[in-house]
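First up is the structure itself, then whatever we jot down about it.
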Amino acid sequence: MTILIGWLGVDERSPCSAYLMSDSRFTWGTNPESYNYGQKLFALNNSPDILGYCGEVLFASQVLTQIVGLDNTHVLFPTNSDSQTRSRIIFNQIVTQFAGYPQFARSASTIYHISRDLDSSFHAYRYSYSHSSNSWETSELPLHPSSSSLIFSAGSGREEFIDRYSVYQHGSIAGTSRNIFQCFCDSLMNSELSSCGGSPQLVGLYRGRQFNGMPFGIIYNHTRYLLGVPSPVMNDYNSIRWYNENFEICDGNSLTRFPNAMRQPNPNIQ
């Protein structure tokens, strides 16, 4: 299963960013064995859209991988399509591909989609399959743009995260992206659930129209991870942005905070 969250980042002017974050563990029913390198988040290179899922793995991971491939070849969305149009296209793609999915393999699954519109506003959508109705439903999720805030939390690790988040929300950095990110890392690192584990993975959107979906590297337990897997050896790791467990911007080569990057210690961990 999964711990999956989405949040909206707000600066002194307006919403400026949005993120999806998850763990990387796959599990199979009550089987004690697990796999810690599962990709659960996806960023579209050619449009301002990010996606993630929880629940049944095979269909969701396949359809989202194919949606990324369609986006890479520029055949997914009409030019300059708005967020609502892109959401409708993604939902229709999910429903179309699911029509051929075997009945015996169908089980509860939810896909989350955060998008940025042409006016730089952010939108969040949920696409949910119900086994009892054997159908997919779509809904738009409310956003709270007055301060950085959680949009949703989902998966088997949700209750653990929410319990910890209720403590973080009374701390000195409540209402910041840093607070949500640090709470997630703290929750994952200390999870007592066998269904949650592996490294954090993170994708995001920025406000500017020049930015599309982006994956971010995570330095976790002194190891580089990207989309749930250890990063391969590179001559220069800084072709992408790297964060550590405190949400500090780091040098991917040295694994240390950039000298000019803001310190962001976690006041909730003594």
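How things are named: the first chain in the structure tokens is A, the next is B, and so on; residues count from 1 in each chain; ligands count from 1 in the order shown.
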Range 69-140 of chain A: residues DSSP assigns to strand (DSSP E), reported as a PDB file with N, CA and C atoms, in the first residue's frame:
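Contents of result-v2.pdb, as written:
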```pdb
ATOM      1  N   SER A 109      -8.683   1.525  -6.370  1.00  0.00           N
ATOM      2  CA  SER A 109      -7.512   2.289  -6.777  1.00  0.00           C
ATOM      3  C   SER A 109      -7.903   3.751  -6.887  1.00  0.00           C
ATOM      4  N   THR A 110      -7.000   4.641  -6.512  1.00  0.00           N
ATOM      5  CA  THR A 110      -7.256   6.079  -6.616  1.00  0.00           C
ATOM      6  C   THR A 110      -6.039   6.754  -7.225  1.00  0.00           C
ATOM      7  N   ILE A 111      -6.283   7.607  -8.203  1.00  0.00           N
ATOM      8  CA  ILE A 111      -5.247   8.386  -8.867  1.00  0.00           C
ATOM      9  C   ILE A 111      -5.487   9.860  -8.553  1.00  0.00           C
ATOM     10  N   TYR A 112      -4.437  10.546  -8.141  1.00  0.00           N
ATOM     11  CA  TYR A 112      -4.519  11.978  -7.835  1.00  0.00           C
ATOM     12  C   TYR A 112      -3.748  12.759  -8.889  1.00  0.00           C
ATOM     13  N   HIS A 113      -4.287  13.923  -9.225  1.00  0.00           N
ATOM     14  CA  HIS A 113      -3.749  14.734 -10.318  1.00  0.00           C
ATOM     15  C   HIS A 113      -3.749  16.191  -9.865  1.00  0.00           C
ATOM     16  N   ILE A 114      -2.575  16.817  -9.865  1.00  0.00           N
ATOM     17  CA  ILE A 114      -2.477  18.256  -9.599  1.00  0.00           C
ATOM     18  C   ILE A 114      -1.992  18.931 -10.870  1.00  0.00           C
ATOM     19  N   SER A 115      -2.630  20.052 -11.185  1.00  0.00           N
ATOM     20  CA  SER A 115      -2.413  20.713 -12.461  1.00  0.00           C
ATOM     21  C   SER A 115      -2.307  22.222 -12.247  1.00  0.00           C
ATOM     22  N   ARG A 116      -1.577  22.890 -13.126  1.00  0.00           N
ATOM     23  CA  ARG A 116      -1.542  24.356 -13.106  1.00  0.00           C
ATOM     24  C   ARG A 116      -2.203  24.888 -14.368  1.00  0.00           C
ATOM     25  N   PHE A 122      -3.720  26.773  -9.503  1.00  0.00           N
ATOM     26  CA  PHE A 122      -3.543  25.336  -9.344  1.00  0.00           C
ATOM     27  C   PHE A 122      -4.894  24.661  -9.135  1.00  0.00           C
ATOM     28  N   HIS A 123      -4.984  23.405  -9.586  1.00  0.00           N
ATOM     29  CA  HIS A 123      -6.193  22.618  -9.433  1.00  0.00           C
ATOM     30  C   HIS A 123      -5.792  21.186  -9.073  1.00  0.00           C
ATOM     31  N   ALA A 124      -6.652  20.513  -8.312  1.00  0.00           N
ATOM     32  CA  ALA A 124      -6.372  19.133  -7.912  1.00  0.00           C
ATOM     33  C   ALA A 124      -7.599  18.274  -8.186  1.00  0.00           C
ATOM     34  N   TYR A 125      -7.343  17.064  -8.703  1.00  0.00           N
ATOM     35  CA  TYR A 125      -8.421  16.155  -9.090  1.00  0.00           C
ATOM     36  C   TYR A 125      -8.151  14.768  -8.510  1.00  0.00           C
ATOM     37  N   ARG A 126      -9.246  14.055  -8.276  1.00  0.00           N
ATOM     38  CA  ARG A 126      -9.159  12.673  -7.813  1.00  0.00           C
ATOM     39  C   ARG A 126      -9.974  11.788  -8.748  1.00  0.00           C
ATOM     40  N   TYR A 127      -9.364  10.677  -9.179  1.00  0.00           N
ATOM     41  CA  TYR A 127     -10.033   9.688 -10.029  1.00  0.00           C
ATOM     42  C   TYR A 127     -10.058   8.376  -9.247  1.00  0.00           C
ATOM     43  N   SER A 128     -11.236   7.901  -8.904  1.00  0.00           N
ATOM     44  CA  SER A 128     -11.358   6.763  -7.997  1.00  0.00           C
ATOM     45  C   SER A 128     -12.150   5.633  -8.636  1.00  0.00           C
ATOM     46  N   TYR A 129     -11.616   4.413  -8.476  1.00  0.00           N
ATOM     47  CA  TYR A 129     -12.347   3.224  -8.911  1.00  0.00           C
ATOM     48  C   TYR A 129     -12.955   2.537  -7.698  1.00  0.00           C
ATOM     49  N   SER A 130     -14.247   2.250  -7.788  1.00  0.00           N
ATOM     50  CA  SER A 130     -14.954   1.527  -6.741  1.00  0.00           C
ATOM     51  C   SER A 130     -15.253   0.118  -7.231  1.00  0.00           C
ATOM     52  N   SER A 135     -16.877   1.040 -11.397  1.00  0.00           N
ATOM     53  CA  SER A 135     -16.797   2.234 -12.243  1.00  0.00           C
ATOM     54  C   SER A 135     -15.813   3.233 -11.646  1.00  0.00           C
ATOM     55  N   TRP A 136     -15.351   4.150 -12.497  1.00  0.00           N
ATOM     56  CA  TRP A 136     -14.470   5.231 -12.077  1.00  0.00           C
ATOM     57  C   TRP A 136     -15.288   6.507 -11.904  1.00  0.00           C
ATOM     58  N   GLU A 137     -14.919   7.292 -10.913  1.00  0.00           N
ATOM     59  CA  GLU A 137     -15.544   8.592 -10.688  1.00  0.00           C
ATOM     60  C   GLU A 137     -14.462   9.657 -10.582  1.00  0.00           C
ATOM     61  N   THR A 138     -14.812  10.886 -10.957  1.00  0.00           N
ATOM     62  CA  THR A 138     -13.852  11.979 -10.891  1.00  0.00           C
ATOM     63  C   THR A 138     -14.421  13.121 -10.064  1.00  0.00           C
ATOM     64  N   SER A 139     -13.547  13.808  -9.344  1.00  0.00           N
ATOM     65  CA  SER A 139     -13.978  14.975  -8.565  1.00  0.00           C
ATOM     66  C   SER A 139     -12.813  15.945  -8.460  1.00  0.00           C
ATOM     67  N   GLU A 140     -13.141  17.228  -8.328  1.00  0.00           N
ATOM     68  CA  GLU A 140     -12.115  18.236  -8.091  1.00  0.00           C
ATOM     69  C   GLU A 140     -12.028  18.485  -6.593  1.00  0.00           C
TER      70      GLU A 140
END
```
Problem - 12 Å contact set for Ser34 in chain A, only C-alpha atoms, chain neighbours under 4 positions out, as a VMD selection string - result: chain A and resid 1 to 2 24 to 30 38 193 to 198
Problem - Members of range 42-205 of chain A assigned alpha helix (DSSP H) by DSSP, as a ChimeraX atom specification - result: /A:57-72,83-98,158-168,177-189
Export of prior selection with C-alpha atoms as an mmCIF file, in the first residue's frame:
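Result file part13.cif:
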```cif
data_model
loop_
_atom_site.group_PDB
_atom_site.id
_atom_site.type_symbol
_atom_site.label_atom_id
_atom_site.label_comp_id
_atom_site.auth_asym_id
_atom_site.auth_seq_id
_atom_site.Cartn_x
_atom_site.Cartn_y
_atom_site.Cartn_z
ATOM 1 C CA VAL A 57 -0.608 -1.137 -8.319
ATOM 2 C CA LEU A 58 -0.546 -2.825 -11.720
ATOM 3 C CA PHE A 59 -3.222 -0.902 -13.599
ATOM 4 C CA ALA A 60 -2.434 2.502 -12.077
ATOM 5 C CA SER A 61 1.309 2.225 -12.708
ATOM 6 C CA GLN A 62 0.732 1.055 -16.283
ATOM 7 C CA VAL A 63 -1.783 3.711 -17.261
ATOM 8 C CA LEU A 64 0.246 6.538 -15.709
ATOM 9 C CA THR A 65 3.444 5.343 -17.384
ATOM 10 C CA GLN A 66 1.586 5.349 -20.711
ATOM 11 C CA ILE A 67 0.130 8.797 -20.061
ATOM 12 C CA VAL A 68 3.674 10.080 -19.469
ATOM 13 C CA GLY A 69 4.739 8.429 -22.750
ATOM 14 C CA LEU A 70 1.871 10.052 -24.657
ATOM 15 C CA ASP A 71 2.809 13.417 -23.176
ATOM 16 C CA ASN A 72 6.451 12.916 -24.172
ATOM 17 C CA SER A 83 -6.454 22.333 -16.579
ATOM 18 C CA GLN A 84 -10.060 21.166 -16.848
ATOM 19 C CA THR A 85 -9.512 19.919 -20.395
ATOM 20 C CA ARG A 86 -6.352 18.056 -19.420
ATOM 21 C CA SER A 87 -8.137 16.482 -16.470
ATOM 22 C CA ARG A 88 -10.938 15.278 -18.723
ATOM 23 C CA ILE A 89 -8.457 13.780 -21.195
ATOM 24 C CA ILE A 90 -6.540 11.965 -18.449
ATOM 25 C CA PHE A 91 -9.752 10.634 -16.898
ATOM 26 C CA ASN A 92 -11.013 9.417 -20.288
ATOM 27 C CA GLN A 93 -7.660 7.702 -20.906
ATOM 28 C CA ILE A 94 -7.943 5.902 -17.564
ATOM 29 C CA VAL A 95 -11.516 4.775 -18.234
ATOM 30 C CA THR A 96 -10.730 3.682 -21.809
ATOM 31 C CA GLN A 97 -7.750 1.565 -20.790
ATOM 32 C CA PHE A 98 -9.539 0.115 -17.781
ATOM 33 C CA ARG A 158 -2.826 7.991 6.160
ATOM 34 C CA GLU A 159 -3.831 7.692 9.820
ATOM 35 C CA GLU A 160 -0.225 7.551 11.008
ATOM 36 C CA PHE A 161 0.579 10.649 8.971
ATOM 37 C CA ILE A 162 -2.509 12.579 10.124
ATOM 38 C CA ASP A 163 -1.763 11.793 13.774
ATOM 39 C CA ARG A 164 1.744 13.205 13.394
ATOM 40 C CA TYR A 165 0.525 16.114 11.266
ATOM 41 C CA SER A 166 -1.867 17.205 14.034
ATOM 42 C CA VAL A 167 1.204 17.699 16.222
ATOM 43 C CA TYR A 168 3.155 19.502 13.495
ATOM 44 C CA SER A 177 5.605 23.619 2.827
ATOM 45 C CA ARG A 178 8.603 22.765 4.973
ATOM 46 C CA ASN A 179 6.278 21.699 7.791
ATOM 47 C CA ILE A 180 4.347 19.266 5.581
ATOM 48 C CA PHE A 181 7.475 17.828 3.955
ATOM 49 C CA GLN A 182 9.246 17.324 7.288
ATOM 50 C CA CYS A 183 6.155 15.721 8.784
ATOM 51 C CA PHE A 184 5.981 13.246 5.906
ATOM 52 C CA CYS A 185 9.643 12.237 6.279
ATOM 53 C CA ASP A 186 9.246 11.915 10.039
ATOM 54 C CA SER A 187 6.109 9.810 9.618
ATOM 55 C CA LEU A 188 7.662 7.515 7.030
ATOM 56 C CA MET A 189 10.905 7.069 8.916
#
```
Practice task
Kindly indicate which residue among A:Leu255, A:Leu8, A:Ala18, A:Asn45 lies nearest to Arg241 in chain A, using only C-alpha atoms for the distances.
Solution key: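 Selected residue with least distance to Arg241 in chain A: A:Leu255.
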Exercise for the section: With a distance cut-off of 6 Å and only C-alpha atoms, select the neighbouring residues of range 224-240 of chain A, excluding the residue or stretch itself and same-chain residues fewer than 3 positions from it, and output the selection as a PyMOL selection string. Expected result: chain A and resi 24+37+39+199+201+217-219+252-253
Could you dump the residues just selected with C-alpha atoms as an mmCIF file, in the first residue's frame?
```
data_model
loop_
_atom_site.group_PDB
_atom_site.id
_atom_site.type_symbol
_atom_site.label_atom_id
_atom_site.label_comp_id
_atom_site.auth_asym_id
_atom_site.auth_seq_id
_atom_site.Cartn_x
_atom_site.Cartn_y
_atom_site.Cartn_z
ATOM 1 C CA SER A 24 8.105 3.678 -2.430
ATOM 2 C CA TYR A 37 11.635 0.638 -5.275
ATOM 3 C CA GLN A 39 7.402 4.334 -8.608
ATOM 4 C CA SER A 199 12.409 6.227 0.336
ATOM 5 C CA GLN A 201 9.573 10.400 -3.656
ATOM 6 C CA GLY A 217 15.766 14.037 -5.921
ATOM 7 C CA ILE A 218 15.591 13.152 -2.225
ATOM 8 C CA ILE A 219 18.628 12.650 -0.012
ATOM 9 C CA GLY A 252 23.510 16.435 -5.281
ATOM 10 C CA ASN A 253 27.237 15.789 -5.582
#
```
Practice task
Pick out the closest residue to Gln264 in chain A from this set: A:Ile173, A:Met214, A:Ile151, A:Leu202. Count only C-alpha atoms.
Solution key: A:Ile173
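Using only C-alpha atoms, the shortest contact distance between Asp49 in chain A and any of A:Phe258, A:Tyr220, A:Phe247, A:Tyr206 is found at A:Tyr206.
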Problem - Best match for closeness to Ser17 in chain A among A:Pro265, A:Pro215, A:Pro102, A:Gly208, counting only C-alpha atoms - result: A:Gly208
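Closest approach to Glu12 in chain A from the set A:Trp242, A:Thr176, A:Cys54, A:His222 is made by A:Thr176, with distances taken over only C-alpha atoms.
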